[in-house]
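Below is one structure; the comments refer to it alone.
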Amino acid sequence: MKALKGFALPILLLILWQVSALAVGIHSDTLAAPVEIAAAFAAGISNGSILRATVMTLTAAAGGLAVGAGLGVAAGFLFGLLPPLSRLARITVEVLRPVPAVAILPIALLVFGFGYPMEISIIAFACFFPVLLLTESAIRQISPRLMEVARVMRLTSVQRTFKIVFPAVLPRLFVAMRLAAGVALIVSVTVEIAANPQGLGYNLMLAGQSLRPADMFAILFWIGLIGWTLNWALMRTERKLFPFHSLRRGEE
Amino acid sequence: MTSRANLAWLLASLLVTIAVVFFWQWIANTGYVSRVFLPGPDRAFAALMRDYNSGKLFTEMGETVLRMVVGWLVASIVGIALGAAIGISPLARTWIAPTLELIRPLPASAIAPVAIVFLGMTDNMILLLVAFGSVWPMLLTTIHGFSNVHPRLDEVARVMRLNTFERVYKIALPAAMPDILGGLRLGLTIALILAVVGEMITVQGGLGSRILLAARAFRAPDIFAGVIMLGLIGLVTNVALTALERRLLRWQPAPAH
C-alpha cells in the first residue's frame with residue numbers, strides 16, 4: 001500500500017502533462033507529450049537503436065569499473081595491510097583524489113582519441129579513488145580479534161589474506177562496488193554527452209540538437225530507468241548476500 | 001602515536017609526492033611517452049605561469065568557481081528548504097519522497113541536452129545543470145536528517161509546546177545538521193564536476209572549455225595546467241567545507257573510532 005502511494009505522484013504528473021499537452025496542443029521543438037515519448041521509445045526499442053547505444057554505454061561502464069575498481073581494490077588491500085605504505089602515499093592520494101574525473105577527459109581524448117579506451121580510462125579514474133579508500137577503511141575495521149586468531153593458528157600471510165581478511169571485508173567491498181557501479185554509469189553518460197560520439201549520452205545529445213524532443217525524453221527516461229534498475233538490483237543482491245551485515249556493524 | 005611521529009610521516013609522505021613529480025619529469029624527459037601527450041611538470045608549470053602573468057588564469061578559474069558556487073548555493077537553499085518540508089511531514093514522506101528516489105539515480109549530466117533545448121548554450125544552462133545535479137545530496141540528506149530526529153527530542157518539543165517553526169528551528173535543524181553538512185560537501189563536489197561538464201559542452205569560457213579547446217589544438221601543457229587548477233579548486237573547497245563541518249559540529253560528541 002505504501003509503495004503504491006509512492007507511485008501516485010509520478011502518475012498524476014504524467015496524466016497532467018498529457019492532458020495539458022492535449023489541451024494546448026504542443027507542436028514544439030522543445031516539449032513532447034508522454035504518449036509521443038512512449039511511441040518514440042517503442043520505435044527506438046524496435047529498430048534497435050536504443051539497445052545498441054545501451055550496449056555501448058554499458059560496455060564502457062563495465063570496462064571502466066573493472067579496471068578502476070580492480071586497481072582500487074588491489075591498492076586498497078596493499079594500503080590496508082601495510083599501514084606505512086598508506087601513510088607514505090597519503091599526500092599523493094589526497095592531491096589526486098579531488099581532481100574531477102571529467103577534467104581527465106581532454107587528456108584521455110588526446111591520448112586515445114574518440115572511442116572506448118578514452119571513455120574507459122576516465123571511468124576507471126573516477127572509480128579508482130572511492131574504491132581504494134573504502135577498501136582500505138574496510139581492512140582497517142577488521143576486528144583485531146580475527147587477526148589474533150590468525151596469529152594463534154599460525155597462518156601464513158597468504159592464508160591470512162584469503163581466509164581471514166577477504167571474507168571479513170567482503171560486505172564492505174560489495175558496498176564499494178555498488179557505489180562505484182553508480183559512478184561508472186554516471187561518468188559514461190557524462191563523457192558521451194561531453195565528447196565521445198557513441199552510446200546513450202551521445203544519442204541523447206543528438207536528439208536534443210536535432211530538435212526531436214520525443215526521442216530526447218525517451219532516451220532520458222531510459223537512462224533514468226537503467227540507473228534506477230542498477231541501483232535496485234545491487235541493493236537487493238547486497239541484502240540477499242549479507243543479510244546480517246547491518247546488525248554486525250551495530251555491534252562493532 | 002605521538003605528534004612528532006605524525007609529523008615525520010607527513011614529511012615522508014610529502015617527499016613521496018615530490019618524488020612522484022620528479023618521476024613524472026624523468027618519464028617526460030626520456031621520451032618513452034610522446035611529448036604530445038605527456039608534457040613534463042616543467043612545461044605544465046610554464047603554461048601555468050604564462051597564464052598567471054597574462055591574468056587569464058584567475059579570470060577563467062573565477063568563471064568556473066562562480067558557476068560552481070552560485071549553482072551550489074541555489075541547490076543548497078532549495079534542497080534544504082524542500083528537504084526540511086518533506087522530512088518534517090510524514091504525509092509528504094509517503095507521497096513525495098518515493099518520486100525523488102525515482103529521479104535520483106538519473107545521471108545529472110543527462111539533463112544537459114534538455115537544459116540546452118530550453119535555455120540554449122548559455123550561462124543559465126550551466127547554472128541549471130549545476131543546481132539540478134547538486135540538489136540531490138542536499139535534499140536527500142536533509143530528508144534523512146529531519147525524519148531521523150530522536151523520538152525523545154520530539155517529546156521534549158511537545159512538552160515544551162513548541163510550534164512547528166520553533167520545532168524545526170530549535171530541535172530538528174540542529175539534529176539534522178551532521179547530515180545536512182555532509183550533503184553540502186558532497187553537493188559541492190558534484191557542482192564542480194557539473195560546472196566543468198557544462199563548460200565543456202557549451203564552450204562558454206571557464207576552465208572546462210579551456211582544457212577541451214586545448215585538447216583539440218593538441219596543447220597538452222595547457223590541459224595539464226587546467227587540470228592542476230581544477231584539482232586545486234577541488235582540494236581547497238573540500239578542505240574548507242570539512243573545516244566548517246568540524247567547527248559547526250563542535251558541540252557534538254566526537255564519533256567513536
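Simple scheme: letters A, B, ... for chains in C-alpha cells order, numbers from 1 for residues in each chain, numbers from 1 for ligands in the order shown.
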Counting only C-alpha atoms, collect the residues of chain B whose closest atom lies at most 8 Å from chain A, and write them out as a PDB file with N, CA and C atoms, in the first residue's frame.
ATOM      1  N   TRP B   9      55.925  11.276   9.530  1.00  0.00           N
ATOM      2  CA  TRP B   9      55.214  10.566   8.453  1.00  0.00           C
ATOM      3  C   TRP B   9      54.712  11.534   7.394  1.00  0.00           C
ATOM      4  N   LEU B  10      54.205  12.689   7.856  1.00  0.00           N
ATOM      5  CA  LEU B  10      53.685  13.692   6.930  1.00  0.00           C
ATOM      6  C   LEU B  10      54.799  14.172   6.000  1.00  0.00           C
ATOM      7  N   ALA B  12      57.558  12.521   5.268  1.00  0.00           N
ATOM      8  CA  ALA B  12      57.922  11.412   4.388  1.00  0.00           C
ATOM      9  C   ALA B  12      56.925  11.313   3.235  1.00  0.00           C
ATOM     10  N   SER B  13      55.657  11.505   3.566  1.00  0.00           N
ATOM     11  CA  SER B  13      54.612  11.415   2.552  1.00  0.00           C
ATOM     12  C   SER B  13      54.755  12.540   1.531  1.00  0.00           C
ATOM     13  N   LEU B  14      55.142  13.721   2.027  1.00  0.00           N
ATOM     14  CA  LEU B  14      55.373  14.855   1.133  1.00  0.00           C
ATOM     15  C   LEU B  14      56.550  14.557   0.202  1.00  0.00           C
ATOM     16  N   VAL B  16      57.451  11.662  -0.829  1.00  0.00           N
ATOM     17  CA  VAL B  16      56.974  10.720  -1.848  1.00  0.00           C
ATOM     18  C   VAL B  16      56.296  11.482  -2.980  1.00  0.00           C
ATOM     19  N   THR B  17      55.452  12.475  -2.593  1.00  0.00           N
ATOM     20  CA  THR B  17      54.759  13.258  -3.619  1.00  0.00           C
ATOM     21  C   THR B  17      55.770  13.979  -4.513  1.00  0.00           C
ATOM     22  N   PHE B  37      51.536  13.909 -25.753  1.00  0.00           N
ATOM     23  CA  PHE B  37      50.575  13.517 -24.724  1.00  0.00           C
ATOM     24  C   PHE B  37      50.996  13.989 -23.348  1.00  0.00           C
ATOM     25  N   THR B  94       5.490   9.984   2.660  1.00  0.00           N
ATOM     26  CA  THR B  94       4.843   8.865   1.980  1.00  0.00           C
ATOM     27  C   THR B  94       4.565   9.186   0.520  1.00  0.00           C
ATOM     28  N   TRP B  95       4.118  10.420   0.249  1.00  0.00           N
ATOM     29  CA  TRP B  95       3.633  10.718  -1.091  1.00  0.00           C
ATOM     30  C   TRP B  95       4.704  11.277  -2.017  1.00  0.00           C
ATOM     31  N   ILE B  96       5.621  12.076  -1.502  1.00  0.00           N
ATOM     32  CA  ILE B  96       6.564  12.769  -2.379  1.00  0.00           C
ATOM     33  C   ILE B  96       7.937  12.099  -2.430  1.00  0.00           C
ATOM     34  N   ALA B  97       8.428  11.635  -1.263  1.00  0.00           N
ATOM     35  CA  ALA B  97       9.800  11.119  -1.212  1.00  0.00           C
ATOM     36  C   ALA B  97      10.085   9.997  -2.225  1.00  0.00           C
ATOM     37  N   PRO B  98       9.155   9.039  -2.451  1.00  0.00           N
ATOM     38  CA  PRO B  98       9.455   7.973  -3.425  1.00  0.00           C
ATOM     39  C   PRO B  98       9.725   8.508  -4.828  1.00  0.00           C
ATOM     40  N   THR B  99       9.019   9.587  -5.214  1.00  0.00           N
ATOM     41  CA  THR B  99       9.253  10.176  -6.537  1.00  0.00           C
ATOM     42  C   THR B  99      10.685  10.687  -6.629  1.00  0.00           C
ATOM     43  N   LEU B 102      13.030   8.032  -7.205  1.00  0.00           N
ATOM     44  CA  LEU B 102      12.913   7.553  -8.580  1.00  0.00           C
ATOM     45  C   LEU B 102      13.806   8.377  -9.514  1.00  0.00           C
ATOM     46  N   ILE B 103      13.884   9.683  -9.249  1.00  0.00           N
ATOM     47  CA  ILE B 103      14.645  10.571 -10.138  1.00  0.00           C
ATOM     48  C   ILE B 103      16.132  10.549  -9.808  1.00  0.00           C
ATOM     49  N   PRO B 105      18.638   8.375  -9.220  1.00  0.00           N
ATOM     50  CA  PRO B 105      19.716   7.641  -9.904  1.00  0.00           C
ATOM     51  C   PRO B 105      20.003   8.155 -11.309  1.00  0.00           C
ATOM     52  N   LEU B 106      19.178   9.097 -11.808  1.00  0.00           N
ATOM     53  CA  LEU B 106      19.424   9.650 -13.145  1.00  0.00           C
ATOM     54  C   LEU B 106      20.721  10.447 -13.118  1.00  0.00           C
ATOM     55  N   PRO B 107      21.674  10.107 -14.019  1.00  0.00           N
ATOM     56  CA  PRO B 107      22.906  10.896 -14.052  1.00  0.00           C
ATOM     57  C   PRO B 107      22.567  12.357 -14.345  1.00  0.00           C
ATOM     58  N   ALA B 108      23.058  13.262 -13.499  1.00  0.00           N
ATOM     59  CA  ALA B 108      22.670  14.665 -13.618  1.00  0.00           C
ATOM     60  C   ALA B 108      23.027  15.237 -14.978  1.00  0.00           C
ATOM     61  N   SER B 109      24.176  14.789 -15.533  1.00  0.00           N
ATOM     62  CA  SER B 109      24.589  15.367 -16.807  1.00  0.00           C
ATOM     63  C   SER B 109      23.608  15.018 -17.922  1.00  0.00           C
ATOM     64  N   ALA B 110      22.769  13.986 -17.709  1.00  0.00           N
ATOM     65  CA  ALA B 110      21.818  13.592 -18.751  1.00  0.00           C
ATOM     66  C   ALA B 110      20.769  14.671 -18.990  1.00  0.00           C
ATOM     67  N   ILE B 111      20.573  15.586 -18.015  1.00  0.00           N
ATOM     68  CA  ILE B 111      19.591  16.630 -18.291  1.00  0.00           C
ATOM     69  C   ILE B 111      20.208  17.792 -19.066  1.00  0.00           C
ATOM     70  N   PRO B 113      21.259  17.985 -22.239  1.00  0.00           N
ATOM     71  CA  PRO B 113      20.621  18.224 -23.537  1.00  0.00           C
ATOM     72  C   PRO B 113      19.250  18.880 -23.398  1.00  0.00           C
ATOM     73  N   VAL B 114      18.489  18.468 -22.378  1.00  0.00           N
ATOM     74  CA  VAL B 114      17.171  19.061 -22.162  1.00  0.00           C
ATOM     75  C   VAL B 114      17.324  20.535 -21.792  1.00  0.00           C
ATOM     76  N   ILE B 116      19.724  22.451 -22.596  1.00  0.00           N
ATOM     77  CA  ILE B 116      20.174  23.202 -23.778  1.00  0.00           C
ATOM     78  C   ILE B 116      18.992  23.542 -24.674  1.00  0.00           C
ATOM     79  N   VAL B 117      18.077  22.559 -24.835  1.00  0.00           N
ATOM     80  CA  VAL B 117      16.921  22.804 -25.685  1.00  0.00           C
ATOM     81  C   VAL B 117      16.112  23.992 -25.155  1.00  0.00           C
ATOM     82  N   PHE B 118      16.005  24.087 -23.813  1.00  0.00           N
ATOM     83  CA  PHE B 118      15.187  25.152 -23.254  1.00  0.00           C
ATOM     84  C   PHE B 118      15.940  26.472 -23.114  1.00  0.00           C
ATOM     85  N   LEU B 192      31.230  21.111  -8.829  1.00  0.00           N
ATOM     86  CA  LEU B 192      32.458  21.367  -9.600  1.00  0.00           C
ATOM     87  C   LEU B 192      32.474  20.515 -10.868  1.00  0.00           C
ATOM     88  N   ILE B 193      32.147  19.226 -10.714  1.00  0.00           N
ATOM     89  CA  ILE B 193      32.138  18.330 -11.873  1.00  0.00           C
ATOM     90  C   ILE B 193      31.182  18.852 -12.946  1.00  0.00           C
ATOM     91  N   VAL B 196      32.251  21.969 -14.809  1.00  0.00           N
ATOM     92  CA  VAL B 196      33.228  21.633 -15.850  1.00  0.00           C
ATOM     93  C   VAL B 196      32.535  20.997 -17.061  1.00  0.00           C
ATOM     94  N   VAL B 197      31.615  20.057 -16.790  1.00  0.00           N
ATOM     95  CA  VAL B 197      30.885  19.421 -17.900  1.00  0.00           C
ATOM     96  C   VAL B 197      30.122  20.463 -18.700  1.00  0.00           C
ATOM     97  N   MET B 200      32.375  22.414 -20.839  1.00  0.00           N
ATOM     98  CA  MET B 200      32.869  21.635 -21.974  1.00  0.00           C
ATOM     99  C   MET B 200      31.831  21.577 -23.086  1.00  0.00           C
ATOM    100  N   ILE B 201      30.553  21.437 -22.706  1.00  0.00           N
ATOM    101  CA  ILE B 201      29.504  21.320 -23.715  1.00  0.00           C
ATOM    102  C   ILE B 201      29.256  22.660 -24.394  1.00  0.00           C
ATOM    103  N   GLY B 208      36.769  24.491 -17.872  1.00  0.00           N
ATOM    104  CA  GLY B 208      36.259  23.329 -18.611  1.00  0.00           C
ATOM    105  C   GLY B 208      36.409  23.504 -20.107  1.00  0.00           C
ATOM    106  N   ILE B 211      40.252  23.596 -21.205  1.00  0.00           N
ATOM    107  CA  ILE B 211      41.032  22.368 -21.379  1.00  0.00           C
ATOM    108  C   ILE B 211      40.540  21.561 -22.582  1.00  0.00           C
ATOM    109  N   LEU B 212      39.234  21.653 -22.875  1.00  0.00           N
ATOM    110  CA  LEU B 212      38.746  20.919 -24.044  1.00  0.00           C
ATOM    111  C   LEU B 212      39.297  21.537 -25.332  1.00  0.00           C
ATOM    112  N   ALA B 214      42.034  23.186 -25.571  1.00  0.00           N
ATOM    113  CA  ALA B 214      43.470  22.870 -25.601  1.00  0.00           C
ATOM    114  C   ALA B 214      43.691  21.468 -26.164  1.00  0.00           C
ATOM    115  N   ALA B 215      42.779  20.524 -25.828  1.00  0.00           N
ATOM    116  CA  ALA B 215      42.913  19.160 -26.344  1.00  0.00           C
ATOM    117  C   ALA B 215      42.734  19.149 -27.855  1.00  0.00           C
ATOM    118  N   ARG B 216      41.761  19.935 -28.341  1.00  0.00           N
ATOM    119  CA  ARG B 216      41.517  19.956 -29.789  1.00  0.00           C
ATOM    120  C   ARG B 216      42.702  20.558 -30.530  1.00  0.00           C
ATOM    121  N   PHE B 218      45.799  20.234 -29.499  1.00  0.00           N
ATOM    122  CA  PHE B 218      46.986  19.455 -29.103  1.00  0.00           C
ATOM    123  C   PHE B 218      47.968  20.272 -28.271  1.00  0.00           C
ATOM    124  N   ALA B 220      49.019  20.089 -24.988  1.00  0.00           N
ATOM    125  CA  ALA B 220      48.984  19.293 -23.766  1.00  0.00           C
ATOM    126  C   ALA B 220      49.369  20.072 -22.497  1.00  0.00           C
ATOM    127  N   ILE B 223      46.420  21.748 -21.089  1.00  0.00           N
ATOM    128  CA  ILE B 223      45.472  20.831 -20.450  1.00  0.00           C
ATOM    129  C   ILE B 223      45.930  20.534 -19.035  1.00  0.00           C
ATOM    130  N   PHE B 224      47.209  20.164 -18.896  1.00  0.00           N
ATOM    131  CA  PHE B 224      47.703  19.789 -17.568  1.00  0.00           C
ATOM    132  C   PHE B 224      47.606  20.973 -16.609  1.00  0.00           C
ATOM    133  N   VAL B 227      44.020  21.119 -15.561  1.00  0.00           N
ATOM    134  CA  VAL B 227      43.671  20.022 -14.660  1.00  0.00           C
ATOM    135  C   VAL B 227      44.244  20.281 -13.261  1.00  0.00           C
ATOM    136  N   ILE B 228      45.471  20.826 -13.212  1.00  0.00           N
ATOM    137  CA  ILE B 228      46.062  21.157 -11.910  1.00  0.00           C
ATOM    138  C   ILE B 228      45.192  22.187 -11.183  1.00  0.00           C
ATOM    139  N   LEU B 230      41.988  22.730 -11.604  1.00  0.00           N
ATOM    140  CA  LEU B 230      40.722  22.105 -11.190  1.00  0.00           C
ATOM    141  C   LEU B 230      40.929  21.248  -9.947  1.00  0.00           C
ATOM    142  N   GLY B 231      42.050  20.515  -9.915  1.00  0.00           N
ATOM    143  CA  GLY B 231      42.353  19.710  -8.735  1.00  0.00           C
ATOM    144  C   GLY B 231      42.505  20.577  -7.499  1.00  0.00           C
ATOM    145  N   LEU B 232      43.141  21.743  -7.723  1.00  0.00           N
ATOM    146  CA  LEU B 232      43.342  22.685  -6.617  1.00  0.00           C
ATOM    147  C   LEU B 232      41.997  23.201  -6.091  1.00  0.00           C
ATOM    148  N   GLY B 234      39.134  21.689  -6.277  1.00  0.00           N
ATOM    149  CA  GLY B 234      38.503  20.586  -5.556  1.00  0.00           C
ATOM    150  C   GLY B 234      39.097  20.407  -4.179  1.00  0.00           C
ATOM    151  N   LEU B 235      40.430  20.471  -4.108  1.00  0.00           N
ATOM    152  CA  LEU B 235      41.126  20.272  -2.838  1.00  0.00           C
ATOM    153  C   LEU B 235      40.755  21.357  -1.837  1.00  0.00           C
ATOM    154  N   ASN B 238      37.078  21.269  -0.649  1.00  0.00           N
ATOM    155  CA  ASN B 238      36.835  20.121   0.228  1.00  0.00           C
ATOM    156  C   ASN B 238      37.411  20.366   1.627  1.00  0.00           C
TER     157      ASN B 238
END
For A:Leu170, please output as a PyMOL selection string all residues within 9 Å (counting only C-alpha atoms; exclusion window: fewer than 5 positions along the same chain). chain A and resi 138+165+175+242
Write down as an NGL selection string the residues belonging to stretch 1-74 of chain B that are assigned alpha helix (DSSP H) by DSSP computed on the backbone. :B and (3-30 or 41-54 or 56-74)
Which residues of stretch 143-243 of chain B come within 10 Å of stretch 49-63 of chain B, and what is each one's closest atom pair and distance in Å (one decimal), counting only C-alpha atoms, sorted by chain and residue number, as CSV?
residue,atom,partner,partner_atom,distance
B:Ala195,CA,B:Glu63,CA,9.6
B:Glu199,CA,B:Glu63,CA,9.8
B:Gln204,CA,B:Glu63,CA,9.4
B:Gly205,CA,B:Glu60,CA,6.7
B:Gly206,CA,B:Glu60,CA,4.4
B:Leu207,CA,B:Glu60,CA,5.6
B:Gly208,CA,B:Glu60,CA,9.1
B:Ser209,CA,B:Glu60,CA,9.5
B:Arg210,CA,B:Glu60,CA,8.1
B:Asp222,CA,B:Asp51,CA,9.2
B:Ala225,CA,B:Asp51,CA,9.2
B:Gly226,CA,B:Leu57,CA,8.8
B:Met229,CA,B:Met61,CA,7.5
B:Leu230,CA,B:Met61,CA,8.2
B:Ile233,CA,B:Met61,CA,8.6
Those same residues, written as a short mmCIF file (atom, residue, chain, number, x, y, z; two decimals), in the first residue's frame with all heavy atoms?
data_model
loop_
_atom_site.label_atom_id
_atom_site.label_comp_id
_atom_site.auth_asym_id
_atom_site.auth_seq_id
_atom_site.Cartn_x
_atom_site.Cartn_y
_atom_site.Cartn_z
N ALA B 195 29.92 21.88 -13.32
CA ALA B 195 30.34 23.16 -13.90
C ALA B 195 31.33 22.90 -15.04
O ALA B 195 31.22 23.50 -16.12
CB ALA B 195 30.98 24.05 -12.83
N GLU B 199 30.69 23.62 -19.00
CA GLU B 199 31.60 24.47 -19.78
C GLU B 199 32.15 23.73 -20.99
O GLU B 199 32.35 24.33 -22.05
CB GLU B 199 32.75 24.94 -18.88
CG GLU B 199 32.31 25.98 -17.88
CD GLU B 199 33.38 26.29 -16.85
OE1 GLU B 199 34.41 25.61 -16.84
OE2 GLU B 199 33.18 27.21 -16.06
N GLN B 204 31.54 28.11 -23.03
CA GLN B 204 31.24 29.48 -22.61
C GLN B 204 32.33 30.02 -21.69
O GLN B 204 32.04 30.72 -20.74
CB GLN B 204 29.91 29.49 -21.84
CG GLN B 204 28.70 29.28 -22.69
CD GLN B 204 28.37 30.52 -23.47
OE1 GLN B 204 28.38 31.62 -22.96
NE2 GLN B 204 28.09 30.35 -24.75
N GLY B 205 33.58 29.68 -21.94
CA GLY B 205 34.65 30.15 -21.07
C GLY B 205 34.76 29.30 -19.83
O GLY B 205 33.99 28.37 -19.62
N GLY B 206 35.75 29.61 -19.00
CA GLY B 206 35.98 28.82 -17.80
C GLY B 206 37.00 27.71 -18.08
O GLY B 206 37.35 27.45 -19.23
N LEU B 207 37.44 27.07 -17.01
CA LEU B 207 38.50 26.07 -17.15
C LEU B 207 38.05 24.87 -17.99
O LEU B 207 38.84 24.28 -18.73
CB LEU B 207 38.94 25.59 -15.76
CG LEU B 207 39.73 26.60 -14.93
CD1 LEU B 207 39.90 26.10 -13.51
CD2 LEU B 207 41.08 26.86 -15.57
N GLY B 208 36.77 24.49 -17.87
CA GLY B 208 36.26 23.33 -18.61
C GLY B 208 36.41 23.50 -20.11
O GLY B 208 36.93 22.62 -20.81
N SER B 209 35.95 24.64 -20.63
CA SER B 209 36.05 24.83 -22.08
C SER B 209 37.50 25.03 -22.48
O SER B 209 37.93 24.62 -23.55
CB SER B 209 35.19 26.01 -22.55
OG SER B 209 35.34 27.10 -21.71
N ARG B 210 38.27 25.64 -21.57
CA ARG B 210 39.68 25.88 -21.86
C ARG B 210 40.45 24.57 -22.10
O ARG B 210 41.17 24.44 -23.09
CB ARG B 210 40.29 26.63 -20.70
CG ARG B 210 41.73 26.87 -20.85
CD ARG B 210 42.26 27.41 -19.54
NE ARG B 210 43.69 27.32 -19.55
CZ ARG B 210 44.45 28.05 -20.33
NH1 ARG B 210 43.90 28.92 -21.14
NH2 ARG B 210 45.75 27.90 -20.30
N ASP B 222 48.79 23.07 -21.68
CA ASP B 222 47.64 23.85 -21.23
C ASP B 222 46.60 22.97 -20.55
O ASP B 222 45.96 23.37 -19.59
CB ASP B 222 46.99 24.57 -22.42
CG ASP B 222 47.85 25.74 -22.89
OD1 ASP B 222 48.91 25.95 -22.27
OD2 ASP B 222 47.46 26.42 -23.85
N ALA B 225 47.89 22.18 -17.13
CA ALA B 225 47.77 23.36 -16.27
C ALA B 225 46.33 23.50 -15.79
O ALA B 225 46.08 23.73 -14.60
CB ALA B 225 48.19 24.61 -17.04
N GLY B 226 45.37 23.31 -16.71
CA GLY B 226 43.96 23.42 -16.33
C GLY B 226 43.55 22.35 -15.34
O GLY B 226 42.83 22.62 -14.38
N MET B 229 44.74 23.21 -11.92
CA MET B 229 43.89 24.22 -11.29
C MET B 229 42.58 23.61 -10.79
O MET B 229 42.11 23.93 -9.70
CB MET B 229 43.58 25.36 -12.28
CG MET B 229 44.77 26.21 -12.67
SD MET B 229 45.77 26.71 -11.28
CE MET B 229 44.67 27.84 -10.47
N LEU B 230 41.99 22.73 -11.60
CA LEU B 230 40.72 22.11 -11.19
C LEU B 230 40.93 21.25 -9.95
O LEU B 230 40.10 21.24 -9.03
CB LEU B 230 40.16 21.26 -12.33
CG LEU B 230 39.50 22.06 -13.45
CD1 LEU B 230 39.14 21.17 -14.62
CD2 LEU B 230 38.25 22.75 -12.92
N ILE B 233 41.09 23.54 -7.02
CA ILE B 233 39.76 24.01 -6.60
C ILE B 233 39.08 22.93 -5.77
O ILE B 233 38.53 23.19 -4.70
CB ILE B 233 38.87 24.36 -7.82
CG1 ILE B 233 39.47 25.51 -8.61
CG2 ILE B 233 37.47 24.71 -7.38
CD1 ILE B 233 38.73 25.82 -9.89
#
Residues near A:Pro34, anyone? I mean within 8 Å using only C-alpha atoms, not counting same-chain ones fewer than 2 positions away, as a list in words.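 Listing them by chain and then by number gives Leu14, Trp17, Gln18, Ala32, Glu36, Ile37 and Ala38 of chain A.
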Selection: 10 Å around B:Asp179, only C-alpha atoms, excl. self and same-chain fewer than 4 positions, as an MDAnalysis selection string: chainID B and resid 137:138 140:146 173:175 183:184
Now that the selection is made, can you save its residues with N, CA and C atoms as a PDB file, in the first residue's frame?
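Contents of out-v8.pdb, as written:
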ATOM      1  N   PRO B 137      22.033  15.381  -3.279  1.00  0.00           N
ATOM      2  CA  PRO B 137      22.594  15.012  -1.969  1.00  0.00           C
ATOM      3  C   PRO B 137      22.032  15.877  -0.842  1.00  0.00           C
ATOM      4  N   MET B 138      21.871  17.186  -1.102  1.00  0.00           N
ATOM      5  CA  MET B 138      21.345  18.078  -0.075  1.00  0.00           C
ATOM      6  C   MET B 138      19.927  17.678   0.314  1.00  0.00           C
ATOM      7  N   LEU B 140      18.281  14.817  -0.154  1.00  0.00           N
ATOM      8  CA  LEU B 140      18.094  13.500   0.464  1.00  0.00           C
ATOM      9  C   LEU B 140      18.693  13.432   1.863  1.00  0.00           C
ATOM     10  N   THR B 141      19.867  14.064   2.056  1.00  0.00           N
ATOM     11  CA  THR B 141      20.436  14.031   3.409  1.00  0.00           C
ATOM     12  C   THR B 141      19.572  14.848   4.367  1.00  0.00           C
ATOM     13  N   THR B 142      18.996  15.959   3.882  1.00  0.00           N
ATOM     14  CA  THR B 142      18.148  16.758   4.757  1.00  0.00           C
ATOM     15  C   THR B 142      16.885  15.977   5.138  1.00  0.00           C
ATOM     16  N   ILE B 143      16.273  15.322   4.160  1.00  0.00           N
ATOM     17  CA  ILE B 143      15.098  14.500   4.474  1.00  0.00           C
ATOM     18  C   ILE B 143      15.473  13.444   5.511  1.00  0.00           C
ATOM     19  N   HIS B 144      16.610  12.803   5.260  1.00  0.00           N
ATOM     20  CA  HIS B 144      17.063  11.755   6.183  1.00  0.00           C
ATOM     21  C   HIS B 144      17.278  12.322   7.583  1.00  0.00           C
ATOM     22  N   GLY B 145      17.970  13.464   7.643  1.00  0.00           N
ATOM     23  CA  GLY B 145      18.250  14.069   8.940  1.00  0.00           C
ATOM     24  C   GLY B 145      16.984  14.467   9.680  1.00  0.00           C
ATOM     25  N   PHE B 146      16.038  15.063   8.957  1.00  0.00           N
ATOM     26  CA  PHE B 146      14.816  15.526   9.607  1.00  0.00           C
ATOM     27  C   PHE B 146      13.912  14.376  10.020  1.00  0.00           C
ATOM     28  N   LEU B 173      16.479  21.077  13.080  1.00  0.00           N
ATOM     29  CA  LEU B 173      17.613  21.561  12.292  1.00  0.00           C
ATOM     30  C   LEU B 173      18.953  21.208  12.940  1.00  0.00           C
ATOM     31  N   PRO B 174      19.133  21.495  14.251  1.00  0.00           N
ATOM     32  CA  PRO B 174      20.417  21.088  14.851  1.00  0.00           C
ATOM     33  C   PRO B 174      20.634  19.572  14.808  1.00  0.00           C
ATOM     34  N   ALA B 175      19.543  18.818  14.996  1.00  0.00           N
ATOM     35  CA  ALA B 175      19.685  17.361  14.988  1.00  0.00           C
ATOM     36  C   ALA B 175      20.069  16.857  13.602  1.00  0.00           C
ATOM     37  N   GLY B 183      25.794  16.488   3.175  1.00  0.00           N
ATOM     38  CA  GLY B 183      25.168  16.713   1.874  1.00  0.00           C
ATOM     39  C   GLY B 183      25.743  17.926   1.175  1.00  0.00           C
ATOM     40  N   LEU B 184      26.010  18.986   1.941  1.00  0.00           N
ATOM     41  CA  LEU B 184      26.571  20.205   1.355  1.00  0.00           C
ATOM     42  C   LEU B 184      27.939  19.923   0.739  1.00  0.00           C
TER      43      LEU B 184
END
Which residue of B:Ala81, B:Arg219, B:Pro41, B:Leu244 approaches B:Phe23 most closely, using only C-alpha atoms: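 Closest to B:Phe23, using only C-alpha atoms: B:Pro41.
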Neighbours of A:Thr59 within 10 Å (only C-alpha atoms; same-chain residues fewer than 6 positions away dropped), as a list in words? Ala53, Leu65, Tyr116, Ile120, Ser188 and Gly199 of chain A
Kindly give the distance, in Å, that separates atom CA of A:Cys127 and atom CA of A:Ala69, rounded to a single decimal. 5.8 Å
